[in-house]
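Trainee: My structure is stored as start19.json, with JSON, C-alpha atoms.
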```
[["chain", "number", "residue", "atom", "x", "y", "z"],
["A", 24, "MET", "CA", -14.06, 67.20, 177.45],
["A", 25, "LYS", "CA", -17.16, 69.25, 178.18],
["A", 26, "LYS", "CA", -16.59, 72.23, 180.46],
["A", 27, "GLU", "CA", -18.45, 75.35, 181.54],
["A", 28, "LEU", "CA", -17.45, 78.98, 181.93],
["A", 29, "ILE", "CA", -19.66, 81.66, 183.49],
["A", 30, "VAL", "CA", -19.03, 85.30, 182.64],
["A", 31, "GLY", "CA", -20.89, 88.57, 182.82],
["A", 32, "GLY", "CA", -20.12, 91.47, 180.53],
["A", 33, "GLY", "CA", -23.21, 93.66, 180.58],
["A", 34, "CYS", "CA", -26.49, 92.58, 179.04],
["A", 35, "PHE", "CA", -26.61, 88.81, 178.62],
["A", 36, "TRP", "CA", -28.36, 89.14, 175.26],
["A", 37, "CYS", "CA", -25.17, 90.69, 173.87],
["A", 38, "THR", "CA", -22.63, 88.24, 175.23],
["A", 39, "GLU", "CA", -24.83, 85.25, 174.44],
["A", 40, "ALA", "CA", -25.06, 86.33, 170.78],
["A", 41, "VAL", "CA", -21.27, 86.33, 170.47],
["A", 42, "PHE", "CA", -20.42, 83.06, 172.19],
["A", 43, "GLU", "CA", -23.16, 81.10, 170.40],
["A", 44, "LEU", "CA", -21.21, 81.52, 167.16],
["A", 45, "LEU", "CA", -18.03, 79.78, 168.29],
["A", 46, "LYS", "CA", -16.75, 76.38, 167.25],
["A", 47, "GLY", "CA", -16.72, 74.05, 170.23],
["A", 48, "VAL", "CA", -19.46, 75.90, 172.10],
["A", 49, "SER", "CA", -22.45, 73.59, 172.46],
["A", 50, "ASP", "CA", -24.72, 75.87, 174.50],
["A", 51, "VAL", "CA", -24.92, 79.36, 175.93],
["A", 52, "GLU", "CA", -27.46, 79.95, 178.66],
["A", 53, "SER", "CA", -28.44, 83.35, 180.05],
["A", 54, "GLY", "CA", -28.74, 83.54, 183.82],
["A", 55, "TYR", "CA", -28.20, 85.41, 187.04],
["A", 56, "ALA", "CA", -25.27, 84.85, 189.42],
["A", 57, "ASN", "CA", -24.01, 85.72, 192.87],
["A", 58, "GLY", "CA", -26.85, 87.69, 194.39],
["A", 59, "HIS", "CA", -28.81, 87.37, 197.60],
["A", 60, "THR", "CA", -32.48, 87.09, 196.56],
["A", 61, "PRO", "CA", -33.77, 83.50, 196.23],
["A", 62, "ASN", "CA", -35.21, 82.61, 192.81],
["A", 63, "PRO", "CA", -34.74, 86.04, 191.20],
["A", 64, "THR", "CA", -36.73, 87.17, 188.19],
["A", 65, "TYR", "CA", -35.66, 89.57, 185.46],
["A", 66, "ARG", "CA", -37.87, 92.22, 187.08],
["A", 67, "ASP", "CA", -36.00, 91.69, 190.37],
["A", 68, "ILE", "CA", -32.61, 91.89, 188.65],
["A", 69, "CYS", "CA", -33.49, 95.14, 186.86],
["A", 70, "THR", "CA", -33.89, 96.95, 190.19],
["A", 71, "GLY", "CA", -30.16, 96.58, 190.83],
["A", 72, "ASP", "CA", -30.95, 95.64, 194.43],
["A", 73, "THR", "CA", -30.52, 91.85, 194.28],
["A", 74, "GLY", "CA", -26.75, 91.69, 193.98],
["A", 75, "TYR", "CA", -27.02, 89.45, 190.91],
["A", 76, "ALA", "CA", -25.12, 89.95, 187.68],
["A", 77, "GLU", "CA", -26.56, 89.11, 184.28],
["A", 78, "VAL", "CA", -24.29, 86.29, 183.11],
["A", 79, "ILE", "CA", -23.98, 83.58, 180.52],
["A", 80, "LYS", "CA", -23.03, 79.96, 181.14],
["A", 81, "ILE", "CA", -20.95, 78.74, 178.20],
["A", 82, "SER", "CA", -20.82, 74.96, 177.69],
["A", 83, "TYR", "CA", -17.85, 74.06, 175.52],
["A", 84, "ASP", "CA", -15.56, 71.28, 174.39],
["A", 85, "ASP", "CA", -12.06, 72.17, 175.51],
["A", 86, "SER", "CA", -10.56, 69.93, 172.82],
["A", 87, "VAL", "CA", -12.03, 72.39, 170.26],
["A", 88, "ILE", "CA", -11.81, 75.76, 172.04],
["A", 89, "SER", "CA", -9.83, 76.58, 175.16],
["A", 90, "VAL", "CA", -10.86, 78.55, 178.20],
["A", 91, "ASP", "CA", -8.00, 80.90, 177.35],
["A", 92, "THR", "CA", -9.55, 81.69, 173.95],
["A", 93, "LEU", "CA", -13.01, 82.13, 175.48],
["A", 94, "LEU", "CA", -11.60, 84.56, 178.05],
["A", 95, "GLU", "CA", -9.63, 86.46, 175.41],
["A", 96, "ILE", "CA", -12.85, 86.87, 173.41],
["A", 97, "PHE", "CA", -14.69, 87.97, 176.55],
["A", 98, "PHE", "CA", -12.22, 90.80, 177.14],
["A", 99, "VAL", "CA", -12.43, 91.94, 173.50],
["A", 100, "ILE", "CA", -16.20, 92.05, 173.08],
["A", 101, "HIS", "CA", -17.06, 94.21, 176.10],
["A", 102, "ASP", "CA", -15.49, 97.13, 177.94],
["A", 103, "PRO", "CA", -13.94, 95.67, 181.09],
["A", 104, "THR", "CA", -12.83, 99.12, 182.29],
["A", 105, "THR", "CA", -16.27, 100.52, 183.16],
["A", 106, "LEU", "CA", -17.53, 99.74, 186.64],
["A", 107, "ASN", "CA", -21.10, 98.42, 186.72],
["A", 108, "ARG", "CA", -21.80, 99.65, 183.22],
["A", 109, "GLN", "CA", -21.81, 98.60, 179.58],
["A", 110, "GLY", "CA", -22.86, 101.44, 177.31],
["A", 111, "ALA", "CA", -26.30, 102.68, 178.35],
["A", 112, "ASP", "CA", -26.82, 99.70, 180.69],
["A", 113, "VAL", "CA", -25.95, 100.90, 184.20],
["A", 114, "GLY", "CA", -26.09, 99.05, 187.51],
["A", 115, "THR", "CA", -24.35, 96.28, 189.42],
["A", 116, "GLN", "CA", -26.32, 93.73, 187.39],
["A", 117, "TYR", "CA", -24.19, 94.75, 184.37],
["A", 118, "ARG", "CA", -20.82, 94.35, 186.08],
["A", 119, "SER", "CA", -17.93, 92.68, 184.35],
["A", 120, "THR", "CA", -17.30, 89.40, 186.12],
["A", 121, "ILE", "CA", -15.76, 85.98, 185.68],
["A", 122, "LEU", "CA", -17.13, 83.32, 188.03],
["A", 123, "TYR", "CA", -15.02, 80.28, 188.75],
["A", 124, "THR", "CA", -15.69, 76.89, 190.29],
["A", 125, "ASP", "CA", -12.09, 75.64, 190.31],
["A", 126, "GLU", "CA", -8.55, 76.95, 190.63],
["A", 127, "GLU", "CA", -7.76, 76.26, 186.97],
["A", 128, "THR", "CA", -10.48, 78.65, 185.80],
["A", 129, "LYS", "CA", -9.50, 81.24, 188.43],
["A", 130, "GLU", "CA", -5.88, 81.19, 187.27],
["A", 131, "ALA", "CA", -6.88, 81.34, 183.59],
["A", 132, "ALA", "CA", -9.12, 84.34, 184.35],
["A", 133, "GLN", "CA", -6.34, 86.15, 186.19],
["A", 134, "ALA", "CA", -3.89, 85.53, 183.34],
["A", 135, "ALA", "CA", -6.43, 86.63, 180.72],
["A", 136, "MET", "CA", -7.20, 89.82, 182.62],
["A", 137, "GLN", "CA", -3.52, 90.64, 182.98],
["A", 138, "ALA", "CA", -2.95, 90.06, 179.25],
["A", 139, "ALA", "CA", -6.02, 92.14, 178.31],
["A", 140, "GLN", "CA", -4.81, 95.10, 180.36],
["A", 141, "ALA", "CA", -2.23, 95.83, 177.64],
["A", 142, "ASP", "CA", -5.13, 96.72, 175.31],
["A", 143, "HIS", "CA", -6.68, 99.27, 177.69],
["A", 144, "ALA", "CA", -5.45, 102.63, 178.96],
["A", 145, "ASP", "CA", -7.82, 102.52, 181.94],
["A", 146, "PRO", "CA", -7.59, 99.80, 184.59],
["A", 147, "ILE", "CA", -9.70, 96.69, 184.06],
["A", 148, "VAL", "CA", -12.38, 96.43, 186.77],
["A", 149, "THR", "CA", -13.58, 92.90, 186.01],
["A", 150, "VAL", "CA", -14.27, 90.98, 189.20],
["A", 151, "ILE", "CA", -12.97, 87.40, 189.35],
["A", 152, "GLU", "CA", -15.03, 85.67, 192.01],
["A", 153, "PRO", "CA", -16.13, 82.21, 193.09],
["A", 154, "LEU", "CA", -19.55, 81.14, 191.84],
["A", 155, "GLU", "CA", -21.88, 81.22, 194.85],
["A", 156, "SER", "CA", -25.30, 81.02, 193.21],
["A", 157, "TYR", "CA", -26.70, 80.69, 189.73],
["A", 158, "TYR", "CA", -30.24, 80.80, 188.33],
["A", 159, "THR", "CA", -31.24, 80.28, 184.71],
["A", 160, "ALA", "CA", -32.97, 83.34, 183.26],
["A", 161, "GLU", "CA", -36.53, 83.10, 181.99],
["A", 162, "GLY", "CA", -37.08, 81.29, 178.69],
["A", 163, "TYR", "CA", -37.69, 84.42, 176.66],
["A", 164, "HIS", "CA", -34.10, 85.54, 177.39],
["A", 165, "GLN", "CA", -32.56, 82.40, 175.87],
["A", 166, "ASP", "CA", -31.27, 82.81, 172.30],
["A", 167, "TYR", "CA", -32.68, 86.32, 172.45],
["A", 168, "TYR", "CA", -30.72, 87.81, 169.55],
["A", 169, "ARG", "CA", -31.43, 84.86, 167.26],
["A", 170, "GLN", "CA", -35.13, 85.21, 167.98],
["A", 171, "ASN", "CA", -35.25, 89.04, 167.96],
["A", 172, "PRO", "CA", -32.58, 90.35, 165.56],
["A", 173, "MET", "CA", -34.72, 93.33, 164.53],
["A", 174, "GLN", "CA", -35.40, 94.47, 168.11],
["A", 175, "GLY", "CA", -34.00, 98.03, 168.48],
["A", 176, "TYR", "CA", -31.55, 97.30, 171.31],
["A", 177, "CYS", "CA", -30.24, 94.25, 169.49],
["A", 178, "MET", "CA", -29.79, 96.15, 166.24],
["A", 179, "ALA", "CA", -27.84, 98.93, 167.97],
["A", 180, "VAL", "CA", -25.65, 97.07, 170.43],
["A", 181, "ILE", "CA", -24.95, 93.53, 169.20],
["A", 182, "PRO", "CA", -23.63, 94.02, 165.61],
["A", 183, "PRO", "CA", -20.51, 95.93, 166.77],
["A", 184, "LYS", "CA", -19.69, 93.07, 169.14],
["A", 185, "LEU", "CA", -20.13, 90.53, 166.34],
["A", 186, "ALA", "CA", -17.91, 92.65, 164.07],
["A", 187, "LYS", "CA", -15.15, 92.63, 166.73],
["A", 188, "LEU", "CA", -15.50, 88.87, 167.02],
["A", 189, "LYS", "CA", -15.27, 88.34, 163.25],
["A", 190, "ALA", "CA", -12.35, 90.74, 162.84],
["A", 191, "LYS", "CA", -10.17, 89.24, 165.56],
["A", 192, "PHE", "CA", -11.45, 85.67, 165.95],
["A", 193, "GLY", "CA", -12.89, 84.75, 162.54],
["A", 194, "LYS", "CA", -11.24, 81.32, 162.58],
["A", 195, "GLU", "CA", -13.11, 80.46, 165.79],
["A", 196, "ILE", "CA", -16.56, 81.03, 164.27],
["A", 197, "GLU", "CA", -18.64, 78.12, 162.98]]
```
Just give me the structure as structure tokens.

Mentor:
Amino acid sequence: MKKELIVGGGCFWCTEAVFELLKGVSDVESGYANGHTPNPTYRDICTGDTGYAEVIKISYDDSVISVDTLLEIFFVIHDPTTLNRQGADVGTQYRSTILYTDEETKEAAQAAMQAAQADHADPIVTVIEPLESYYTAEGYHQDYYRQNPMQGYCMAVIPPKLAKLKAKFGKEIE
């Protein structure tokens, strides 16, 4: 059955690049969630004043990959212990968040976060919140890493995330 999961773990280029590689994932879309400015643009988001987080919407077949596995991967490939920051990316738009639209996803997120805490000395600060608003990011953000693998930011930040994915979840990769 086709399902969707929306998460934010810093720059959406980075998380998108990871989840696009997984068996059972049919699409990963970069977007903006849970802010207060109607029809935000990337320029708006970058100010940090809109309340939006950079997120990805993962469309997946739960008969191939479970929400539990997706959430486990999410907690491995970013640092969920840094508030409003992933590496050099700083601001509320880079917050660690899981957005749910049903109780099943909320409960799975809470369980995944509790399980992930064992791997971190510092407290996890990921926010689990209901999805209130979502906008698809501009076209040039979609499949960004695939289209721009030699871009400096991509070369520096994304390969370590892909290495973590391959090391721990190699059997999940297509």

Trainee: Which one of A:Val48, A:Ile79, A:Cys34, A:Ile151 sits closest to A:Ile196 if you count only C-alpha atoms?

Mentor: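 Closest residue, counting only C-alpha atoms: A:Val48.
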
Trainee: Point out the residue among A:Ile121, A:Glu95, A:Val150, A:Gly162 with the least atom-to-atom distance to A:Ala135, counting all atoms listed in the file.

Mentor: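 The answer is A:Glu95, which sits nearest to A:Ala135.
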
Trainee: Nearest residue to A:Tyr75 out of A:Thr149, A:Thr120, A:Thr38, A:Thr105, using all atoms listed in the file?

Mentor: A:Thr120

Trainee: Which residues, written as number ranges by chain, have at least one atom at most 6 Å from stretch 110-119 of chain A, with only C-alpha atoms counted and residues fewer than 3 positions away on the same chain left out?

Mentor: A: 31-33, 71, 75-77, 103, 107, 149

Trainee: When you count only C-alpha atoms, which of these residues is closest to A:Thr124: A:Tyr55, A:Phe42, A:Tyr157, A:Tyr65?

Mentor: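 Of all the options, A:Tyr157 lies closest to A:Thr124.
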
Trainee: Taking 5 positions as the minimum chain separation for residues in the same chain, which residues sit within 9 Å of A:Glu39 when counting all atoms listed in the file? Answer as a list in words.

Mentor: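 Once the adjacent positions are removed, what remains is Cys34, Leu44, Val51, Glu52, Ser53, Val78, Ile79, Lys80, Ile81, Gln165, Asp166, Tyr167 and Tyr168 of chain A.
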
Trainee: Quick one: residues within 8 Å of A:Lys26, only C-alpha atoms, excluding same-chain residues fewer than 5 positions away - as an MDAnalysis selection string?

Mentor: chainID A and resid 82:85

Trainee: For those residues, write C-alpha atoms to a file as a JSON list (two decimals), in the coordinates of the input.

Mentor:
```json
[["chain", "number", "residue", "atom", "x", "y", "z"],
["A", 82, "SER", "CA", -20.82, 74.96, 177.69],
["A", 83, "TYR", "CA", -17.85, 74.06, 175.52],
["A", 84, "ASP", "CA", -15.56, 71.28, 174.39],
["A", 85, "ASP", "CA", -12.06, 72.17, 175.51]]
```

Trainee: Which residues are near A:Gly193? Cut-off 12 Å, only C-alpha atoms, ignore same chain within fewer than 2 positions. Put them as a list in words.

Mentor: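 Skipping anything fewer than 2 positions along the chain leaves Val41, Leu44, Leu45, Lys46, Ile96, Leu185, Ala186, Lys187, Leu188, Lys189, Ala190, Lys191, Glu195, Ile196 and Glu197 of chain A.
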
Trainee: Rounded to one decimal place, report the atom CA of A:Phe97-atom CA of A:Glu43 distance in Å.

Mentor: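 Pair atom CA of A:Phe97 / atom CA of A:Glu43 returns 12.5 Å.
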
Trainee: Please determine, counting only C-alpha atoms, which residue among A:Leu122, A:Ile88, A:Ala138, A:Met173 has the shortest atom-to-atom distance to A:Lys194.

Mentor: A:Ile88
